[in-house]
There are 2 protein chains.
Amino acid sequence: MTEFKYKLLKKSGKARRGEITTAHGTIQTPVFMPVGTVGSVKALKPTTVDALGADIILGNTYHLHLRPGDEVVKEMGGLHKFMNWPKPILTDSGGYQVFSLTDIRKMDEDGVEFSSHIDGKKIRINPEISTQIQNNLDATITMAFDECTAYPCTEADARKSMELSMRWAKRCREAFEKRPGYAQFGIMQGSMYPHLRAESMKKLEELDFEGYAIGGLAIGEPNEVLHEMVPVCADLMPEHKPRYLMGVGYPSDLIKAVREGVDMFDCVLPTRNARNGQLFTSEGVVNIKRKEFELDKSPLDPNCSCDTCTNYSKGYLRHLFKANEILYSMLASEHNIAFYINLMKTLRQAIEDDKFEEVADELLKKVR
Amino acid sequence: MTEFKYKLLKKSGKARRGEITTAHGTIQTPVFMPVGTVGSVKALKPTTVDALGADIILGNTYHLHLRPGDEVVKEMGGLHKFMNWPKPILTDSGGYQVFSLTDIRKMDEDGVEFSSHIDGKKIRINPEISTQIQNNLDATITMAFDECTAYPCTEADARKSMELSMRWAKRCREAFEKRPGYAQFGIMQGSMYPHLRAESMKKLEELDFEGYAIGGLAIGEPNEVLHEMVPVCADLMPEHKPRYLMGVGYPSDLIKAVREGVDMFDCVLPTRNARNGQLFTSEGVVNIKRKEFELDKSPLDPNCSCDTCTNYSKGYLRHLFKANEILYSMLASEHNIAFYINLMKTLRQAIEDDKFEEVADELLKKVR
């Protein structure tokens, strides 16, 4: 049986080139995980996501629990089989969505009770239930259920919230069914207070998770604060396990966080912004709806070899956007995901060549 | 230079197996033409439409004239290049849309004036303008601009309308710029009156179009009336030119019309109904939203080898539909187009084997 393990292959400064072995295949890090909220990376076939080079995708526990239901997914053979994605899947714990999307009825030491955004039905999630849902989904990597501390937050509130999340982390760890090649990650909290982050990390390490995530960032704080906190958190994390920065971000955010030693990322930005007309390229952001592109026969990104950039012009993409054609979302999402995946590939190569700083500096001059 | 020509290869009863040579490639008939209204077959990449075996697609003159504008398409290298579809394209004349979608301000001997459904702008289309727009789009097959006679209609009104369309056909023919491998089709009108249909066909033949279409059907008349009129019209059409039944229809309609000697079809049904949850299969229609499919692990159509039927279950398709995921429209459209294309392939083979009647009878027992 394949064991879950992280192997650090090379470092360039603090940037880490690694490899994660799982029951569903190997993940080259640093890695970007496209988000497949309800069992589909929006507007892309899983075979396309695979062909673009994605090693792992993310599924949302909250959404899948509500629809189609994790019991349904289990009955259908698990999320990999259900959605035709045999490679690794990381599921979040539902915590972030519960605290940001729902009308919370009640929160206590046990967990939270809330109303479904679909039909208003009353639902409870707690550490054991979240872990069980992720087990039903057959997640390769299960995330601990935590409270995502709001920003800004007083130190006292941040401590209270962090300590609750750490008590929940212990219950999650106990509820997790270990299986070869599967993993569970603990999530560090502590808001913007370094000593609370350190306390949180210490408690998580006692529980010996297979990996660790930085939670409670990219939730509305200024971008400088995010990048002040990333090195603080990353430096606290053990060297021999994967480090995951949740919900980040723009290409420049990924580059900066890799520079600080982060290995894993997920974000809805490439797909969501694609649908809204914002396309990421090697020369910066293209707002495809602009009139200037009406007669533009050139490819979106001359340095990209994705199908969109190979076979379609900016003029055609703009037309599809204006005409509200589904094909627009397909072609735009394909490019943006290709851009993120290729960016990570470039960063991995730069670490292997021990030229991370110069490659990162060059990239940061151009990308958003 | 390739000349446009229709070659009748074989007959089985009245059903015709043919081949149309064009500047953009060869079309095997009977053929179904997927509809790409505004320069995209909805929710499908052109490369997917090609891989499914489509020989020709349809573009809508009315929609493309309004957005992005036929001058824009021309500047971008024509519709083939603009949308990455090098194979044949037939464009309708805009007549049907003008008479069914718009607030017509004025209609006279010259043409019609109407308001754009996008921005209310006043626009005129007449035989010369429609022909010029289709020339700008670089249509392989240009359709004559006609008045689609409403149903029901008195004989006097049907005659008046048909005669106007025939005067317009003459102007279209004169406006058409002949190019090797390109064609212009005349459209027969005359409502449900056989003698008017005969008069119409006679006038069209005097103009020596490269092909002929049956217009004014599938516009709200009972299905029996449609199938009464198809043989009446088809029998009037010359043997050595392609015969196109516009805007039809369900799989059973296509089978019945091929039996009467029709060669070409277009319809939005497979893509539009796919998006609405209606999927065509070898065993009949599947309404994928039904609860009964929630845990159904079986493929949509076990007799179909499209990507959707090969890699996804009915349960997953239902989930995607309920969750309003774009991937649903992609997978559903791909299957429905595959079904139509494969149906025509089956009919072509049946004609080659001179077993059309028995194959058609078998199919009609099952398909809608």
# chains A, B, ... in the order shown; residues from 1 in each chain; ligands from 1
>>> residues_around(residues="stretch 208-223 of chain B", least_positions_apart="5", cutoff="10 Å", atoms="only C-alpha atoms", output="PyMOL selection string")
chain B and resi 4-6+96+100+141-144+146-152+162+169+173+182-192+197+201+203+228-230+233-234+237-238+240-249+253+262-265
>>> select_by_dssp(residues="stretch 124-216 of chain B", states="strand (DSSP E)", output="count of residues only")
15
>>> interface_residues(of="chain A", to="chain B", cutoff="7 Å", atoms="only C-alpha atoms", output="ChimeraX atom specification")
/A:42-45,68,72,76,82-84,295,297,311-312,316,319,325-327
>>> closest_residue(among="B:Ala139, B:Ile133, B:Ile351, B:Ile57", to="B:Ala23", atoms="only C-alpha atoms")
B:Ala139
>>> select_by_dssp(residues="stretch 146-249 of chain B", states="alpha helix (DSSP H)", output="MDAnalysis selection string")
chainID B and resid 155:175 194:207 223:236
>>> write_last_selection(atoms="N, CA and C atoms", output="short mmCIF file (atom, residue, chain, number, x, y, z; two decimals), in the first residue's frame")
data_model
loop_
_atom_site.label_atom_id
_atom_site.label_comp_id
_atom_site.auth_asym_id
_atom_site.auth_seq_id
_atom_site.Cartn_x
_atom_site.Cartn_y
_atom_site.Cartn_z
N GLU B 155 -55.24 30.81 -48.11
CA GLU B 155 -54.55 30.58 -49.37
C GLU B 155 -54.13 31.90 -50.01
N ALA B 156 -54.97 32.89 -49.91
CA ALA B 156 -54.65 34.19 -50.52
C ALA B 156 -53.42 34.80 -49.88
N ASP B 157 -53.38 34.74 -48.54
CA ASP B 157 -52.21 35.29 -47.85
C ASP B 157 -50.96 34.48 -48.14
N ALA B 158 -51.13 33.15 -48.21
CA ALA B 158 -49.99 32.27 -48.47
C ALA B 158 -49.41 32.57 -49.86
N ARG B 159 -50.32 32.81 -50.82
CA ARG B 159 -49.86 33.13 -52.18
C ARG B 159 -49.11 34.46 -52.20
N LYS B 160 -49.70 35.43 -51.54
CA LYS B 160 -49.09 36.76 -51.52
C LYS B 160 -47.68 36.68 -50.91
N SER B 161 -47.59 35.97 -49.79
CA SER B 161 -46.31 35.85 -49.09
C SER B 161 -45.29 35.08 -49.92
N MET B 162 -45.75 33.98 -50.51
CA MET B 162 -44.85 33.17 -51.33
C MET B 162 -44.34 33.97 -52.52
N GLU B 163 -45.24 34.71 -53.15
CA GLU B 163 -44.82 35.48 -54.34
C GLU B 163 -43.80 36.56 -53.98
N LEU B 164 -44.01 37.17 -52.80
CA LEU B 164 -43.02 38.15 -52.34
C LEU B 164 -41.67 37.45 -52.14
N SER B 165 -41.69 36.30 -51.47
CA SER B 165 -40.44 35.56 -51.23
C SER B 165 -39.76 35.18 -52.54
N MET B 166 -40.55 34.89 -53.56
CA MET B 166 -39.95 34.50 -54.84
C MET B 166 -39.34 35.72 -55.56
N ARG B 167 -40.00 36.89 -55.39
CA ARG B 167 -39.38 38.10 -55.96
C ARG B 167 -38.07 38.41 -55.21
N TRP B 168 -38.12 38.19 -53.89
CA TRP B 168 -36.90 38.40 -53.09
C TRP B 168 -35.82 37.38 -53.47
N ALA B 169 -36.24 36.15 -53.77
CA ALA B 169 -35.27 35.11 -54.15
C ALA B 169 -34.48 35.54 -55.39
N LYS B 170 -35.20 36.13 -56.32
CA LYS B 170 -34.55 36.61 -57.55
C LYS B 170 -33.51 37.69 -57.23
N ARG B 171 -33.89 38.61 -56.34
CA ARG B 171 -32.95 39.67 -55.96
C ARG B 171 -31.74 39.07 -55.21
N CYS B 172 -32.00 38.06 -54.37
CA CYS B 172 -30.90 37.40 -53.64
C CYS B 172 -29.94 36.76 -54.63
N ARG B 173 -30.54 36.09 -55.62
CA ARG B 173 -29.70 35.39 -56.59
C ARG B 173 -28.81 36.38 -57.34
N GLU B 174 -29.40 37.52 -57.65
CA GLU B 174 -28.62 38.54 -58.36
C GLU B 174 -27.54 39.15 -57.48
N ALA B 175 -27.82 39.22 -56.19
CA ALA B 175 -26.86 39.83 -55.25
C ALA B 175 -25.75 38.87 -54.86
N PRO B 194 -50.27 22.59 -51.53
CA PRO B 194 -49.37 21.92 -52.48
C PRO B 194 -49.18 22.67 -53.79
N HIS B 195 -50.23 23.27 -54.34
CA HIS B 195 -50.06 23.94 -55.63
C HIS B 195 -49.21 25.20 -55.49
N LEU B 196 -49.27 25.84 -54.33
CA LEU B 196 -48.41 27.01 -54.11
C LEU B 196 -46.96 26.56 -53.96
N ARG B 197 -46.77 25.42 -53.26
CA ARG B 197 -45.41 24.86 -53.13
C ARG B 197 -44.84 24.56 -54.53
N ALA B 198 -45.70 24.01 -55.40
CA ALA B 198 -45.22 23.68 -56.75
C ALA B 198 -44.86 24.94 -57.53
N GLU B 199 -45.69 25.96 -57.41
CA GLU B 199 -45.38 27.23 -58.08
C GLU B 199 -44.07 27.82 -57.57
N SER B 200 -43.92 27.75 -56.24
CA SER B 200 -42.72 28.30 -55.62
C SER B 200 -41.47 27.58 -56.13
N MET B 201 -41.56 26.25 -56.15
CA MET B 201 -40.40 25.46 -56.57
C MET B 201 -40.04 25.77 -58.02
N LYS B 202 -41.08 25.94 -58.85
CA LYS B 202 -40.84 26.24 -60.26
C LYS B 202 -40.08 27.56 -60.42
N LYS B 203 -40.52 28.57 -59.65
CA LYS B 203 -39.83 29.86 -59.73
C LYS B 203 -38.38 29.77 -59.25
N LEU B 204 -38.17 28.98 -58.19
CA LEU B 204 -36.80 28.84 -57.68
C LEU B 204 -35.91 28.16 -58.71
N GLU B 205 -36.44 27.13 -59.34
CA GLU B 205 -35.62 26.39 -60.31
C GLU B 205 -35.19 27.27 -61.48
N GLU B 206 -36.07 28.22 -61.82
CA GLU B 206 -35.69 29.16 -62.89
C GLU B 206 -34.45 29.97 -62.52
N LEU B 207 -34.23 30.11 -61.18
CA LEU B 207 -33.08 30.90 -60.72
C LEU B 207 -31.84 30.02 -60.56
N ASN B 223 -47.70 18.09 -35.79
CA ASN B 223 -46.65 17.24 -36.34
C ASN B 223 -47.13 16.45 -37.57
N GLU B 224 -48.42 16.04 -37.58
CA GLU B 224 -48.95 15.29 -38.72
C GLU B 224 -48.94 16.16 -39.99
N VAL B 225 -49.24 17.43 -39.81
CA VAL B 225 -49.26 18.34 -40.96
C VAL B 225 -47.85 18.49 -41.52
N LEU B 226 -46.87 18.63 -40.61
CA LEU B 226 -45.47 18.69 -41.05
C LEU B 226 -45.15 17.48 -41.93
N HIS B 227 -45.52 16.30 -41.43
CA HIS B 227 -45.14 15.09 -42.16
C HIS B 227 -46.03 14.80 -43.38
N GLU B 228 -47.17 15.49 -43.47
CA GLU B 228 -47.94 15.46 -44.71
C GLU B 228 -47.25 16.31 -45.76
N MET B 229 -46.73 17.44 -45.32
CA MET B 229 -46.16 18.41 -46.26
C MET B 229 -44.76 18.03 -46.74
N VAL B 230 -43.98 17.34 -45.90
CA VAL B 230 -42.60 17.03 -46.29
C VAL B 230 -42.54 16.25 -47.61
N PRO B 231 -43.30 15.15 -47.76
CA PRO B 231 -43.23 14.45 -49.05
C PRO B 231 -43.76 15.29 -50.21
N VAL B 232 -44.80 16.08 -49.96
CA VAL B 232 -45.32 16.96 -51.01
C VAL B 232 -44.19 17.85 -51.53
N CYS B 233 -43.45 18.45 -50.59
CA CYS B 233 -42.37 19.37 -50.97
C CYS B 233 -41.19 18.62 -51.58
N ALA B 234 -40.77 17.54 -50.91
CA ALA B 234 -39.58 16.82 -51.37
C ALA B 234 -39.78 16.30 -52.79
N ASP B 235 -40.99 15.82 -53.08
CA ASP B 235 -41.26 15.28 -54.42
C ASP B 235 -41.17 16.35 -55.51
N LEU B 236 -41.34 17.59 -55.11
CA LEU B 236 -41.25 18.69 -56.08
C LEU B 236 -39.82 19.10 -56.39
#
>>> residues_around(residues="A:Phe114", least_positions_apart="6", cutoff="9 Å", atoms="only C-alpha atoms", output="PyMOL selection string")
chain A and resi 98+102-107+120-125
>>> write_last_selection(atoms="N, CA and C atoms", output="tab-separated table (two decimals), in the first residue's frame")
chain	number	residue	atom	x	y	z
A	98	VAL	N	-19.28	27.59	6.49
A	98	VAL	CA	-20.28	27.69	7.55
A	98	VAL	C	-20.25	29.08	8.17
A	102	THR	N	-23.38	31.16	5.76
A	102	THR	CA	-24.66	30.72	6.30
A	102	THR	C	-25.20	31.65	7.37
A	103	ASP	N	-26.45	31.47	7.61
A	103	ASP	CA	-27.13	32.11	8.71
A	103	ASP	C	-26.95	31.16	9.90
A	104	ILE	N	-25.94	31.46	10.73
A	104	ILE	CA	-25.65	30.56	11.85
A	104	ILE	C	-26.70	30.72	12.94
A	105	ARG	N	-27.29	29.61	13.28
A	105	ARG	CA	-28.31	29.65	14.31
A	105	ARG	C	-27.69	29.58	15.71
A	106	LYS	N	-26.61	28.79	15.81
A	106	LYS	CA	-26.13	28.47	17.15
A	106	LYS	C	-24.71	27.95	17.03
A	107	MET	N	-23.85	28.45	17.90
A	107	MET	CA	-22.49	27.93	17.94
A	107	MET	C	-22.15	27.66	19.38
A	120	GLY	N	-32.72	26.17	3.35
A	120	GLY	CA	-32.99	26.66	4.69
A	120	GLY	C	-32.99	25.59	5.77
A	121	LYS	N	-32.79	24.34	5.38
A	121	LYS	CA	-32.80	23.22	6.33
A	121	LYS	C	-31.76	23.41	7.42
A	122	LYS	N	-32.11	23.05	8.65
A	122	LYS	CA	-31.20	23.18	9.80
A	122	LYS	C	-30.18	22.04	9.76
A	123	ILE	N	-28.91	22.40	9.84
A	123	ILE	CA	-27.85	21.41	9.74
A	123	ILE	C	-26.81	21.67	10.82
A	124	ARG	N	-26.28	20.59	11.39
A	124	ARG	CA	-25.21	20.74	12.39
A	124	ARG	C	-23.91	20.20	11.80
A	125	ILE	N	-22.84	20.95	12.00
A	125	ILE	CA	-21.51	20.42	11.69
A	125	ILE	C	-20.64	20.61	12.93
>>> residues_around(residues="B:Arg16", least_positions_apart="5", cutoff="8 Å", atoms="only C-alpha atoms", output="PyMOL selection string")
chain B and resi 8-11+29-30+258+261-263+351
>>> write_last_selection(atoms="C-alpha atoms", output="PDB file, in the first residue's frame")
ATOM      1  CA  LEU B   8     -26.385  11.249 -55.326  1.00  0.00           C
ATOM      2  CA  LEU B   9     -24.613   8.032 -54.350  1.00  0.00           C
ATOM      3  CA  LYS B  10     -27.448   5.674 -53.607  1.00  0.00           C
ATOM      4  CA  LYS B  11     -31.154   5.482 -52.887  1.00  0.00           C
ATOM      5  CA  THR B  29     -25.744  13.348 -46.501  1.00  0.00           C
ATOM      6  CA  PRO B  30     -28.250  12.907 -44.969  1.00  0.00           C
ATOM      7  CA  VAL B 258     -34.980  11.306 -44.676  1.00  0.00           C
ATOM      8  CA  GLY B 261     -35.778  12.157 -49.600  1.00  0.00           C
ATOM      9  CA  VAL B 262     -34.573  15.116 -47.509  1.00  0.00           C
ATOM     10  CA  ASP B 263     -30.784  15.524 -47.184  1.00  0.00           C
ATOM     11  CA  ILE B 351     -29.360   3.619 -47.229  1.00  0.00           C
TER      12      ILE B 351
END
>>> atom_distance(atom1="atom CA of A:Ile288", atom2="atom CA of A:Thr48")
22.2 Å
>>> residues_around(residues="stretch 275-285 of chain B", least_positions_apart="6", cutoff="6 Å", atoms="only C-alpha atoms", output="list in words")
Asp301, Ser329, Asn336, Lys366, Val367 and Arg368 of chain B
>>> atom_distance(atom1="atom CA of B:Glu3", atom2="atom CA of B:Pro88")
13.4 Å
>>> atom_distance(atom1="atom CA of A:Ile20", atom2="atom CA of A:Lys7")
6.3 Å
>>> closest_residue(among="B:Gly111, B:His117, B:His335, B:Ala350", to="B:Thr310", atoms="only C-alpha atoms")
B:His335
>>> residues_around(residues="A:Glu71", least_positions_apart="6", cutoff="9 Å", atoms="only C-alpha atoms", output="VMD selection string")
chain A and resid 65 133 136 to 137
>>> write_last_selection(atoms="C-alpha atoms", output="compact mmCIF listing (two decimals), in the first residue's frame")
# COMPACT_ATOMS: atom_id res chain seq x y z
CA HIS A 65 -22.81 17.80 2.12
CA ILE A 133 -18.43 13.76 5.68
CA ASN A 136 -17.74 9.65 2.94
CA LEU A 137 -16.42 11.79 0.10
